[in-house]
Amino acid sequence: MTEAAEILLRSLFLGIIYAVAASGLALIFGVMRVVNAAHGELIMLGGYIAYMLWSAAGFHPLLAMGVAALLMALFGVLLQRFILERVVGQPEMSSLLLTFGLSLILVDLARGLFTTTLRSIVYLQEPVSVLGASYAQNNLLTLVLGLGVGAGLFLFLKYHPLGKAVRATAQNEDLALACGIDCRQVRLVSFGLGSALAGLAGTVWAINYSLFPSVGQNLIITLFAIVVLGGMGSVGGAFLGGIILGLAQVVTARYLTTQLSLFTAFILLLGLLLIRPQGLFGAGAGER
Amino acid sequence: MIRGRFFRIARSLVVLLAAAAVACGPQPGAPAQPEAPKPPIRVGASVSLTGRYQVEGRMTQQGYELAVEMLNAKGGVNGHRFELVTYDNQSDAATTTSLYRKLIFEDKVDFLLGPYGTPLTRPVAPLVDQSQIPMITTEAAGTEIWRGQNLRWSTQLITPVERYNVGLVELAKRLGIKSVAYVYANTPALVQGAETDRGLLTQAGISLVLFERYEPDQVDFNVLASKAKATNADLFVMNGYFQDAVNLTKAMSAVGYQPRYKYLGFTVVTEDYIKSVGDLAHCVMGSANWLPILKTKGFIATNEEFVSRFRAKYGAEPDYRAATAFGGVELLAEAIKASLDRTGKVDKAFVRDYIFNTKTATVFGPYEVVAWGADAGMQVGAGSYTIQWQKEPRTGSMKLEVLWPEQYATVKEPCTA
């Protein structure tokens, strides 16, 4: 029983980080059909902003997280308005190339600004015992925050008029336009929200692990796998996909070997795509 | 009358002009023309400024740069200045190989220095042998690059990975350790090192209750730390890279894992480790290939000079990677000087023979490689030291103590958690 609880909590803790990080990527793809290869760098930038606010300006880590999310939202809106709007409606390869270039620029910029030294936000590192197993307090805080973000995102997309507009645009942009939805504004909101989620994920990453300029490049492949697993463009699917991946990695590391745990995402993806090519929550051909 | 005056004036002018010509002409013993500057010696390297080895790669780059700067400030080698050509290899083996190809065939550098790490150096070594340009590999600890390969143009400067943890095994025997949980990164050099350690520990009658590999991109170590905790081993060992050491230290704290002794490999010796984990570093042991307190001396500087110049230039403490990089430039400069002194020119074949046959020292420490045969180029002279971070009770700051070898030990016994 204790072991099962430990596995579940460790899976949720790992999975929730993936979930928050991947849901922003899924939101951006869902609304704009933009394959954002720079999403990992948005996570990295968010983490560094929070780190600088904490270490240089003396902000409380949670306040730094909030400010980092807001600043990343603003950065995302500007990025969308002046750069990415140009590739909306273009073949997906255009957005992939553009954001890939953007990611290289951001990594280089971060290297110049922050150097390549590993950075961490030291916060709530002390262990606490829950159901017979030890966890860092920041692990548990991450779990609570992640679940809160997931719930907030769900409520926003389900009930808020802007959230409904986001969903409508993601499902059928032409029909959304016909219904009077300002799709351009929806795209700005979506990219801003996706970037804010990246900012949150980056801060959580800096608290639990460590930051360096190319951290996003290491993460992005896993995030793409999660988005495909959940169904391209499905925010809920990405959220669930993240948690499933966390569970799979923890179980693999615990009962098989740690070495295999990183491949789990791709093994899962391969297995699922054979059974359900559109992913967990993706619309199949003809459904969209 | 007028005619005589004219001749006097003309004679005076001639004398004056002649005197001026003598005064402005070359002085006896002075060269006729100012000496033309000697051509620079171009030295190429690719370094990891981005990607997973970026922390290590930055130190490599700084070590190379500082050595070249100090060498050139002394006038270079017999008047030949060193010119460093470096590119970022993004910590990627394929990029590294293509960059060395560029350095050799496009930039046409005279000599080469190695990148950081065995995975990046391995594919480069055969290319260097084909191109017949001497290369000093400063930071490739894996011996499989040389062992049985008959390499003729590259030598190893750093301590071989098999000798990283010699002190650990000696210490484990002395401390009466019965069981070890051992985890290691899945890179060829570290796998090789782990297998060597397994043999040595088993020979010493110490049981390995966990021996598990992880991928180099692993970030979350909570489950692995939790598994190690369940073994209740006396000693926990990690043989991995810097990022792994930082994340594993945090994970051990998170899962409440406090083994009697913990040894987290060869990267924890750096100040960056303390900055990243703070007080969690207390009682963490590791190995060091080089220490700032060593009384070593190379072609360019003493260890003390190297450390103080590094601090002044970069505002940070150098680590063993900066020292090996610095030592690589020192060895190359020493070999080129020998070539210039004995052959009168910069002879690549002479430099090659020199770096394979000499027994010398750099700021990093002793240098001696296998001179001939299948393992030629493999380091046999350099050693390692076992260290531990201990929190000073009065100041609360972390202090690096040396545990082994005994002649360098600053404390007799390691602290326990």
# chains A, B, ... in the order shown; residues from 1 in each chain; ligands from 1
call {"tool": "closest_atom_pairs", "arguments": {"of": "chain B", "to": "chain A", "cutoff": "7 Å", "atoms": "only C-alpha atoms", "output": "JSON lines"}}
result
{"residue": "B:Thr50", "atom": "CA", "partner": "A:Ser214", "partner_atom": "CA", "distance": 6.6}
{"residue": "B:Gly51", "atom": "CA", "partner": "A:Ser214", "partner_atom": "CA", "distance": 5.7}
{"residue": "B:Gln54", "atom": "CA", "partner": "A:Thr116", "partner_atom": "CA", "distance": 6.0}
{"residue": "B:Val55", "atom": "CA", "partner": "A:Thr116", "partner_atom": "CA", "distance": 5.6}
{"residue": "B:Arg213", "atom": "CA", "partner": "A:Gln259", "partner_atom": "CA", "distance": 5.7}
{"residue": "B:Tyr214", "atom": "CA", "partner": "A:Gln259", "partner_atom": "CA", "distance": 4.0}
{"residue": "B:Glu215", "atom": "CA", "partner": "A:Gln259", "partner_atom": "CA", "distance": 5.2}
{"residue": "B:Val223", "atom": "CA", "partner": "A:Arg254", "partner_atom": "CA", "distance": 6.2}
{"residue": "B:Leu224", "atom": "CA", "partner": "A:Thr258", "partner_atom": "CA", "distance": 6.8}
{"residue": "B:Asn247", "atom": "CA", "partner": "A:Tyr209", "partner_atom": "CA", "distance": 5.9}
{"residue": "B:Ser253", "atom": "CA", "partner": "A:Pro127", "partner_atom": "CA", "distance": 6.4}
{"residue": "B:Ala254", "atom": "CA", "partner": "A:Ala136", "partner_atom": "CA", "distance": 4.0}
{"residue": "B:Val255", "atom": "CA", "partner": "A:Ser134", "partner_atom": "CA", "distance": 4.5}
{"residue": "B:Gly256", "atom": "CA", "partner": "A:Ser134", "partner_atom": "CA", "distance": 5.6}
{"residue": "B:Ser276", "atom": "CA", "partner": "A:Ser120", "partner_atom": "CA", "distance": 6.2}
call {"tool": "write_last_selection", "arguments": {"atoms": "N, CA and C atoms", "output": "compact mmCIF listing (two decimals), in the first residue's frame"}}
result
# COMPACT_ATOMS: atom_id res chain seq x y z
N THR B 50 27.47 25.05 -25.72
CA THR B 50 26.03 24.81 -25.55
C THR B 50 25.83 23.30 -25.40
N GLY B 51 24.60 22.92 -25.03
CA GLY B 51 24.32 21.49 -24.88
C GLY B 51 24.70 20.98 -23.51
N GLN B 54 27.96 22.02 -21.48
CA GLN B 54 28.30 23.43 -21.58
C GLN B 54 29.06 23.96 -20.35
N VAL B 55 28.73 23.44 -19.18
CA VAL B 55 29.44 23.91 -17.97
C VAL B 55 30.90 23.48 -18.07
N ARG B 213 22.50 1.56 -14.30
CA ARG B 213 22.88 2.54 -15.30
C ARG B 213 21.72 3.49 -15.57
N TYR B 214 22.01 4.75 -15.89
CA TYR B 214 20.96 5.67 -16.33
C TYR B 214 21.44 6.41 -17.58
N GLU B 215 20.49 6.93 -18.33
CA GLU B 215 20.85 7.65 -19.55
C GLU B 215 21.39 9.04 -19.20
N VAL B 223 13.35 8.41 -8.12
CA VAL B 223 13.09 6.97 -8.04
C VAL B 223 14.41 6.21 -7.83
N LEU B 224 15.45 6.65 -8.53
CA LEU B 224 16.74 5.97 -8.39
C LEU B 224 17.27 6.14 -6.95
N ASN B 247 21.43 17.12 -9.60
CA ASN B 247 20.06 16.62 -9.49
C ASN B 247 19.95 15.42 -8.55
N SER B 253 18.19 14.16 -1.02
CA SER B 253 17.59 14.91 0.09
C SER B 253 16.07 14.76 0.06
N ALA B 254 15.50 14.82 -1.15
CA ALA B 254 14.04 14.75 -1.29
C ALA B 254 13.49 13.43 -0.75
N VAL B 255 14.16 12.33 -1.04
CA VAL B 255 13.63 11.03 -0.59
C VAL B 255 14.15 10.66 0.80
N GLY B 256 14.89 11.59 1.43
CA GLY B 256 15.39 11.34 2.79
C GLY B 256 16.45 10.26 2.83
N SER B 276 25.13 25.27 -6.53
CA SER B 276 23.88 24.64 -6.98
C SER B 276 23.15 23.89 -5.88
call {"tool": "select_by_dssp", "arguments": {"residues": "segment 26-243 of chain A", "states": "strand (DSSP E or B)", "output": "compact mmCIF listing (two decimals) with N, CA and C atoms, in the first residue's frame"}}
result
# COMPACT_ATOMS: atom_id res chain seq x y z
N ARG A 119 21.71 26.83 -12.75
CA ARG A 119 21.05 27.69 -11.76
C ARG A 119 19.85 26.96 -11.17
N PRO A 127 12.99 17.45 3.26
CA PRO A 127 12.05 16.35 3.03
C PRO A 127 10.90 16.35 4.04
N VAL A 128 9.79 15.80 3.61
CA VAL A 128 8.65 15.64 4.51
C VAL A 128 8.08 14.24 4.26
N SER A 129 7.60 13.60 5.32
CA SER A 129 7.11 12.23 5.17
C SER A 129 5.61 12.21 4.89
N VAL A 130 5.23 11.51 3.83
CA VAL A 130 3.81 11.36 3.49
C VAL A 130 3.55 9.87 3.25
N ALA A 133 6.67 7.58 3.03
CA ALA A 133 7.78 7.85 2.11
C ALA A 133 8.15 9.33 2.19
N SER A 134 9.42 9.62 1.86
CA SER A 134 9.88 11.02 1.95
C SER A 134 9.80 11.71 0.59
N TYR A 135 9.42 12.97 0.64
CA TYR A 135 9.37 13.80 -0.57
C TYR A 135 9.92 15.17 -0.20
N ALA A 136 10.54 15.83 -1.16
CA ALA A 136 10.94 17.22 -0.91
C ALA A 136 9.65 18.04 -0.84
N LEU A 211 18.54 24.79 -14.06
CA LEU A 211 18.38 25.49 -15.35
C LEU A 211 19.72 25.67 -16.04
call {"tool": "residues_around", "arguments": {"residues": "Ser234 of chain A", "least_positions_apart": "3", "cutoff": "7 Å", "atoms": "only C-alpha atoms", "output": "JSON, numbers by chain"}}
result
{"A": [26, 27, 30, 230, 231, 237, 238, 281, 282]}
call {"tool": "residues_around", "arguments": {"residues": "Leu8 of chain A", "least_positions_apart": "5", "cutoff": "9 Å", "atoms": "only C-alpha atoms", "output": "PyMOL selection string"}}
result
chain A and resi 3+13+247+250
call {"tool": "residues_around", "arguments": {"residues": "segment 163-165 of chain A", "least_positions_apart": "2", "cutoff": "10 Å", "atoms": "only C-alpha atoms", "output": "list of chain:residue names"}}
result
A:Val31, A:Leu153, A:Phe154, A:Leu155, A:Phe156, A:Leu157, A:Lys158, A:Tyr159, A:His160, A:Pro161, A:Arg167, A:Ala168, A:Thr169, A:Ala170, A:Gln171, A:Glu173, A:Ala176, A:Leu177, A:Cys179, A:Gly180, A:Ile181, A:Asp182, A:Cys183, A:Gln185, A:Val186, A:Arg187, A:Val189, A:Ser190
call {"tool": "write_last_selection", "arguments": {"atoms": "C-alpha atoms", "output": "mmCIF file, in the first residue's frame"}}
result
data_model
loop_
_atom_site.group_PDB
_atom_site.id
_atom_site.type_symbol
_atom_site.label_atom_id
_atom_site.label_comp_id
_atom_site.auth_asym_id
_atom_site.auth_seq_id
_atom_site.Cartn_x
_atom_site.Cartn_y
_atom_site.Cartn_z
ATOM 1 C CA VAL A 31 -5.453 27.268 -32.014
ATOM 2 C CA LEU A 153 -7.116 25.951 -17.417
ATOM 3 C CA PHE A 154 -10.034 23.532 -17.619
ATOM 4 C CA LEU A 155 -12.451 26.053 -16.091
ATOM 5 C CA PHE A 156 -11.195 28.831 -18.341
ATOM 6 C CA LEU A 157 -11.551 26.803 -21.521
ATOM 7 C CA LYS A 158 -14.895 25.338 -20.468
ATOM 8 C CA TYR A 159 -16.759 28.354 -19.058
ATOM 9 C CA HIS A 160 -15.042 31.660 -19.827
ATOM 10 C CA PRO A 161 -16.248 33.343 -23.051
ATOM 11 C CA ARG A 167 -11.928 26.166 -28.250
ATOM 12 C CA ALA A 168 -14.133 27.289 -31.130
ATOM 13 C CA THR A 169 -11.156 28.612 -33.065
ATOM 14 C CA ALA A 170 -9.225 25.409 -32.396
ATOM 15 C CA GLN A 171 -12.136 23.295 -33.689
ATOM 16 C CA GLU A 173 -11.551 28.693 -37.511
ATOM 17 C CA ALA A 176 -15.595 30.714 -35.508
ATOM 18 C CA LEU A 177 -15.046 33.697 -37.812
ATOM 19 C CA CYS A 179 -19.871 33.408 -35.588
ATOM 20 C CA GLY A 180 -18.147 36.756 -35.042
ATOM 21 C CA ILE A 181 -15.153 35.549 -33.063
ATOM 22 C CA ASP A 182 -12.048 37.700 -33.473
ATOM 23 C CA CYS A 183 -9.660 34.874 -34.307
ATOM 24 C CA GLN A 185 -7.333 38.193 -30.801
ATOM 25 C CA VAL A 186 -7.856 34.551 -29.876
ATOM 26 C CA ARG A 187 -4.464 33.706 -31.305
ATOM 27 C CA VAL A 189 -4.571 35.184 -26.095
ATOM 28 C CA SER A 190 -3.626 31.579 -26.845
#
call {"tool": "closest_residue", "arguments": {"among": "A:Trp54, A:Leu63, A:Gly89, A:Ala265", "to": "Asp174 of chain A", "atoms": "only C-alpha atoms"}}
result
A:Gly89
call {"tool": "select_by_dssp", "arguments": {"residues": "segment 84-144 of chain B", "states": "helix (DSSP H, G or I)", "output": "VMD selection string"}}
result
chain B and resid 93 to 106 118 to 121 124 to 131 143 to 144
call {"tool": "write_last_selection", "arguments": {"atoms": "C-alpha atoms", "output": "PDB file, in the first residue's frame"}}
result
ATOM      1  CA  ALA B  93      29.518  14.215 -31.560  1.00  0.00           C
ATOM      2  CA  ALA B  94      28.572  14.670 -35.233  1.00  0.00           C
ATOM      3  CA  THR B  95      28.988  18.450 -35.012  1.00  0.00           C
ATOM      4  CA  THR B  96      32.324  17.981 -33.250  1.00  0.00           C
ATOM      5  CA  THR B  97      33.636  15.737 -36.030  1.00  0.00           C
ATOM      6  CA  SER B  98      32.569  18.138 -38.765  1.00  0.00           C
ATOM      7  CA  LEU B  99      34.149  21.048 -36.894  1.00  0.00           C
ATOM      8  CA  TYR B 100      37.471  19.208 -36.642  1.00  0.00           C
ATOM      9  CA  ARG B 101      37.202  18.491 -40.359  1.00  0.00           C
ATOM     10  CA  LYS B 102      36.725  22.229 -40.900  1.00  0.00           C
ATOM     11  CA  LEU B 103      39.681  23.067 -38.645  1.00  0.00           C
ATOM     12  CA  ILE B 104      41.924  20.625 -40.522  1.00  0.00           C
ATOM     13  CA  PHE B 105      40.874  21.122 -44.136  1.00  0.00           C
ATOM     14  CA  GLU B 106      39.423  24.649 -44.302  1.00  0.00           C
ATOM     15  CA  THR B 118      35.151  10.904 -24.419  1.00  0.00           C
ATOM     16  CA  PRO B 119      31.938  10.741 -26.506  1.00  0.00           C
ATOM     17  CA  LEU B 120      32.985  13.825 -28.452  1.00  0.00           C
ATOM     18  CA  THR B 121      36.657  12.878 -28.758  1.00  0.00           C
ATOM     19  CA  VAL B 124      37.625  12.734 -33.894  1.00  0.00           C
ATOM     20  CA  ALA B 125      40.701  10.570 -33.127  1.00  0.00           C
ATOM     21  CA  PRO B 126      40.668   8.519 -36.387  1.00  0.00           C
ATOM     22  CA  LEU B 127      40.187  11.721 -38.407  1.00  0.00           C
ATOM     23  CA  VAL B 128      43.207  13.272 -36.689  1.00  0.00           C
ATOM     24  CA  ASP B 129      45.288  10.173 -37.439  1.00  0.00           C
ATOM     25  CA  GLN B 130      44.345  10.382 -41.122  1.00  0.00           C
ATOM     26  CA  SER B 131      45.186  14.072 -41.334  1.00  0.00           C
ATOM     27  CA  THR B 143      40.865   4.823 -22.574  1.00  0.00           C
ATOM     28  CA  GLU B 144      38.957   2.960 -25.279  1.00  0.00           C
TER      29      GLU B 144
END
call {"tool": "atom_distance", "arguments": {"atom1": "atom CA of Leu240 of chain A", "atom2": "atom CA of Leu269 of chain A"}}
result
13.4 Å
call {"tool": "atom_distance", "arguments": {"atom1": "atom CA of Val269 of chain B", "atom2": "atom CA of Gly396 of chain B"}}
result
18.0 Å
call {"tool": "residues_around", "arguments": {"residues": "Gln156 of chain B", "least_positions_apart": "2", "cutoff": "10 Å", "atoms": "only C-alpha atoms", "output": "short mmCIF file (atom, residue, chain, number, x, y, z; two decimals) with N, CA and C atoms, in the first residue's frame"}}
result
data_model
loop_
_atom_site.label_atom_id
_atom_site.label_comp_id
_atom_site.auth_asym_id
_atom_site.auth_seq_id
_atom_site.Cartn_x
_atom_site.Cartn_y
_atom_site.Cartn_z
N GLY B 114 41.92 18.87 -27.90
CA GLY B 114 40.69 18.07 -27.91
C GLY B 114 39.47 18.79 -27.38
N MET B 135 47.46 16.00 -32.00
CA MET B 135 46.38 16.51 -31.16
C MET B 135 46.61 16.07 -29.72
N ILE B 136 46.50 17.03 -28.81
CA ILE B 136 46.54 16.68 -27.38
C ILE B 136 45.11 16.69 -26.90
N THR B 137 44.61 15.52 -26.53
CA THR B 137 43.22 15.45 -26.05
C THR B 137 43.28 15.71 -24.56
N THR B 138 42.70 16.82 -24.19
CA THR B 138 42.86 17.28 -22.81
C THR B 138 41.83 16.69 -21.86
N GLU B 139 40.64 16.33 -22.37
CA GLU B 139 39.57 15.98 -21.44
C GLU B 139 38.79 14.74 -21.83
N ALA B 140 39.47 13.79 -22.45
CA ALA B 140 38.84 12.52 -22.77
C ALA B 140 39.43 11.47 -21.84
N ALA B 141 38.65 11.09 -20.83
CA ALA B 141 39.18 10.18 -19.82
C ALA B 141 39.04 8.71 -20.20
N GLY B 142 38.16 8.42 -21.16
CA GLY B 142 37.95 7.03 -21.58
C GLY B 142 39.17 6.51 -22.32
N THR B 143 39.65 5.34 -21.93
CA THR B 143 40.86 4.82 -22.57
C THR B 143 40.57 4.02 -23.83
N ILE B 145 39.53 5.01 -26.46
CA ILE B 145 39.96 5.79 -27.62
C ILE B 145 41.35 5.32 -28.07
N TRP B 146 42.19 4.94 -27.11
CA TRP B 146 43.57 4.54 -27.43
C TRP B 146 43.79 3.03 -27.35
N SER B 154 47.42 11.31 -31.59
CA SER B 154 46.79 11.98 -30.44
C SER B 154 47.16 11.30 -29.14
N ILE B 158 44.53 13.87 -19.60
CA ILE B 158 43.79 13.75 -18.33
C ILE B 158 43.99 12.36 -17.71
N THR B 159 43.69 12.24 -16.44
CA THR B 159 43.75 10.94 -15.76
C THR B 159 42.75 9.98 -16.40
N PRO B 160 43.16 8.76 -16.74
CA PRO B 160 42.22 7.81 -17.35
C PRO B 160 41.10 7.44 -16.37
N GLY B 328 47.19 21.26 -21.65
CA GLY B 328 47.28 20.84 -23.05
C GLY B 328 48.06 21.86 -23.87
N ILE B 355 55.45 14.40 -28.07
CA ILE B 355 54.34 14.23 -27.11
C ILE B 355 54.09 12.74 -26.80
N PHE B 356 54.58 11.86 -27.66
CA PHE B 356 54.44 10.43 -27.37
C PHE B 356 55.57 9.92 -26.46
N TYR B 367 52.80 14.02 -16.75
CA TYR B 367 52.36 13.59 -18.08
C TYR B 367 53.31 12.52 -18.59
N GLU B 368 52.74 11.37 -18.90
CA GLU B 368 53.51 10.30 -19.53
C GLU B 368 52.51 9.38 -20.21
N VAL B 369 52.74 9.06 -21.49
CA VAL B 369 51.80 8.18 -22.19
C VAL B 369 52.52 6.94 -22.70
N VAL B 370 51.74 5.94 -23.05
CA VAL B 370 52.31 4.74 -23.66
C VAL B 370 52.93 5.18 -24.99
N ALA B 376 49.27 3.01 -27.72
CA ALA B 376 50.07 4.24 -27.76
C ALA B 376 49.20 5.47 -27.58
N GLY B 377 49.70 6.39 -26.77
CA GLY B 377 49.00 7.66 -26.54
C GLY B 377 48.20 7.70 -25.25
N MET B 378 48.03 6.52 -24.62
CA MET B 378 47.21 6.44 -23.41
C MET B 378 48.01 6.93 -22.19
N GLN B 379 47.36 7.77 -21.40
CA GLN B 379 48.02 8.37 -20.23
C GLN B 379 48.33 7.31 -19.17
N VAL B 380 49.56 7.34 -18.65
CA VAL B 380 49.91 6.42 -17.57
C VAL B 380 50.53 7.15 -16.38
N ALA B 382 49.30 10.33 -14.86
CA ALA B 382 48.45 11.16 -13.99
C ALA B 382 47.69 10.34 -12.96
#
call {"tool": "atom_distance", "arguments": {"atom1": "atom CA of Phe211 of chain B", "atom2": "atom CA of Arg198 of chain B"}}
result
8.5 Å
call {"tool": "residues_around", "arguments": {"residues": "Thr202 of chain B", "least_positions_apart": "5", "cutoff": "12 Å", "atoms": "only C-alpha atoms", "output": "PyMOL selection string"}}
result
chain B and resi 169+172-173+177-180+194-197+207-209
call {"tool": "closest_residue", "arguments": {"among": "A:Leu84, A:Asn36, A:Val20, A:Leu98", "to": "Gly199 of chain A", "atoms": "only C-alpha atoms"}}
result
A:Val20
call {"tool": "closest_residue", "arguments": {"among": "B:Val77, B:Val109, B:Leu84, B:Ala185", "to": "Tyr64 of chain B", "atoms": "only C-alpha atoms"}}
result
B:Leu84
call {"tool": "decode", "arguments": {"residues": "segment 61-99 of chain B", "atoms": "C-alpha atoms", "output": "PDB file, in the first residue's frame"}}
result
ATOM      1  CA  GLN B  61      37.528  27.214 -23.407  1.00  0.00           C
ATOM      2  CA  GLN B  62      38.734  29.409 -20.545  1.00  0.00           C
ATOM      3  CA  GLY B  63      41.698  27.106 -19.865  1.00  0.00           C
ATOM      4  CA  TYR B  64      42.761  27.229 -23.521  1.00  0.00           C
ATOM      5  CA  GLU B  65      42.296  30.995 -23.754  1.00  0.00           C
ATOM      6  CA  LEU B  66      44.212  31.793 -20.587  1.00  0.00           C
ATOM      7  CA  ALA B  67      47.129  29.528 -21.536  1.00  0.00           C
ATOM      8  CA  VAL B  68      47.427  31.118 -24.972  1.00  0.00           C
ATOM      9  CA  GLU B  69      47.180  34.620 -23.477  1.00  0.00           C
ATOM     10  CA  MET B  70      49.910  33.909 -20.902  1.00  0.00           C
ATOM     11  CA  LEU B  71      52.128  32.203 -23.477  1.00  0.00           C
ATOM     12  CA  ASN B  72      51.813  35.092 -25.927  1.00  0.00           C
ATOM     13  CA  ALA B  73      52.482  37.613 -23.156  1.00  0.00           C
ATOM     14  CA  LYS B  74      55.850  35.881 -22.714  1.00  0.00           C
ATOM     15  CA  GLY B  75      56.550  36.241 -26.431  1.00  0.00           C
ATOM     16  CA  GLY B  76      55.090  32.925 -27.592  1.00  0.00           C
ATOM     17  CA  VAL B  77      57.376  30.021 -28.457  1.00  0.00           C
ATOM     18  CA  ASN B  78      60.702  31.381 -29.751  1.00  0.00           C
ATOM     19  CA  GLY B  79      58.800  34.403 -31.070  1.00  0.00           C
ATOM     20  CA  HIS B  80      55.934  32.425 -32.629  1.00  0.00           C
ATOM     21  CA  ARG B  81      52.660  33.529 -31.100  1.00  0.00           C
ATOM     22  CA  PHE B  82      49.827  31.049 -30.632  1.00  0.00           C
ATOM     23  CA  GLU B  83      46.553  31.790 -32.405  1.00  0.00           C
ATOM     24  CA  LEU B  84      43.568  29.894 -31.018  1.00  0.00           C
ATOM     25  CA  VAL B  85      40.712  28.921 -33.371  1.00  0.00           C
ATOM     26  CA  THR B  86      37.687  27.492 -31.541  1.00  0.00           C
ATOM     27  CA  TYR B  87      34.103  26.594 -32.444  1.00  0.00           C
ATOM     28  CA  ASP B  88      31.105  25.565 -30.353  1.00  0.00           C
ATOM     29  CA  ASN B  89      30.318  21.868 -30.947  1.00  0.00           C
ATOM     30  CA  GLN B  90      26.930  22.046 -29.142  1.00  0.00           C
ATOM     31  CA  SER B  91      28.009  18.959 -27.130  1.00  0.00           C
ATOM     32  CA  ASP B  92      27.175  16.887 -30.190  1.00  0.00           C
ATOM     33  CA  ALA B  93      29.518  14.215 -31.560  1.00  0.00           C
ATOM     34  CA  ALA B  94      28.572  14.670 -35.233  1.00  0.00           C
ATOM     35  CA  THR B  95      28.988  18.450 -35.012  1.00  0.00           C
ATOM     36  CA  THR B  96      32.324  17.981 -33.250  1.00  0.00           C
ATOM     37  CA  THR B  97      33.636  15.737 -36.030  1.00  0.00           C
ATOM     38  CA  SER B  98      32.569  18.138 -38.765  1.00  0.00           C
ATOM     39  CA  LEU B  99      34.149  21.048 -36.894  1.00  0.00           C
TER      40      LEU B  99
END
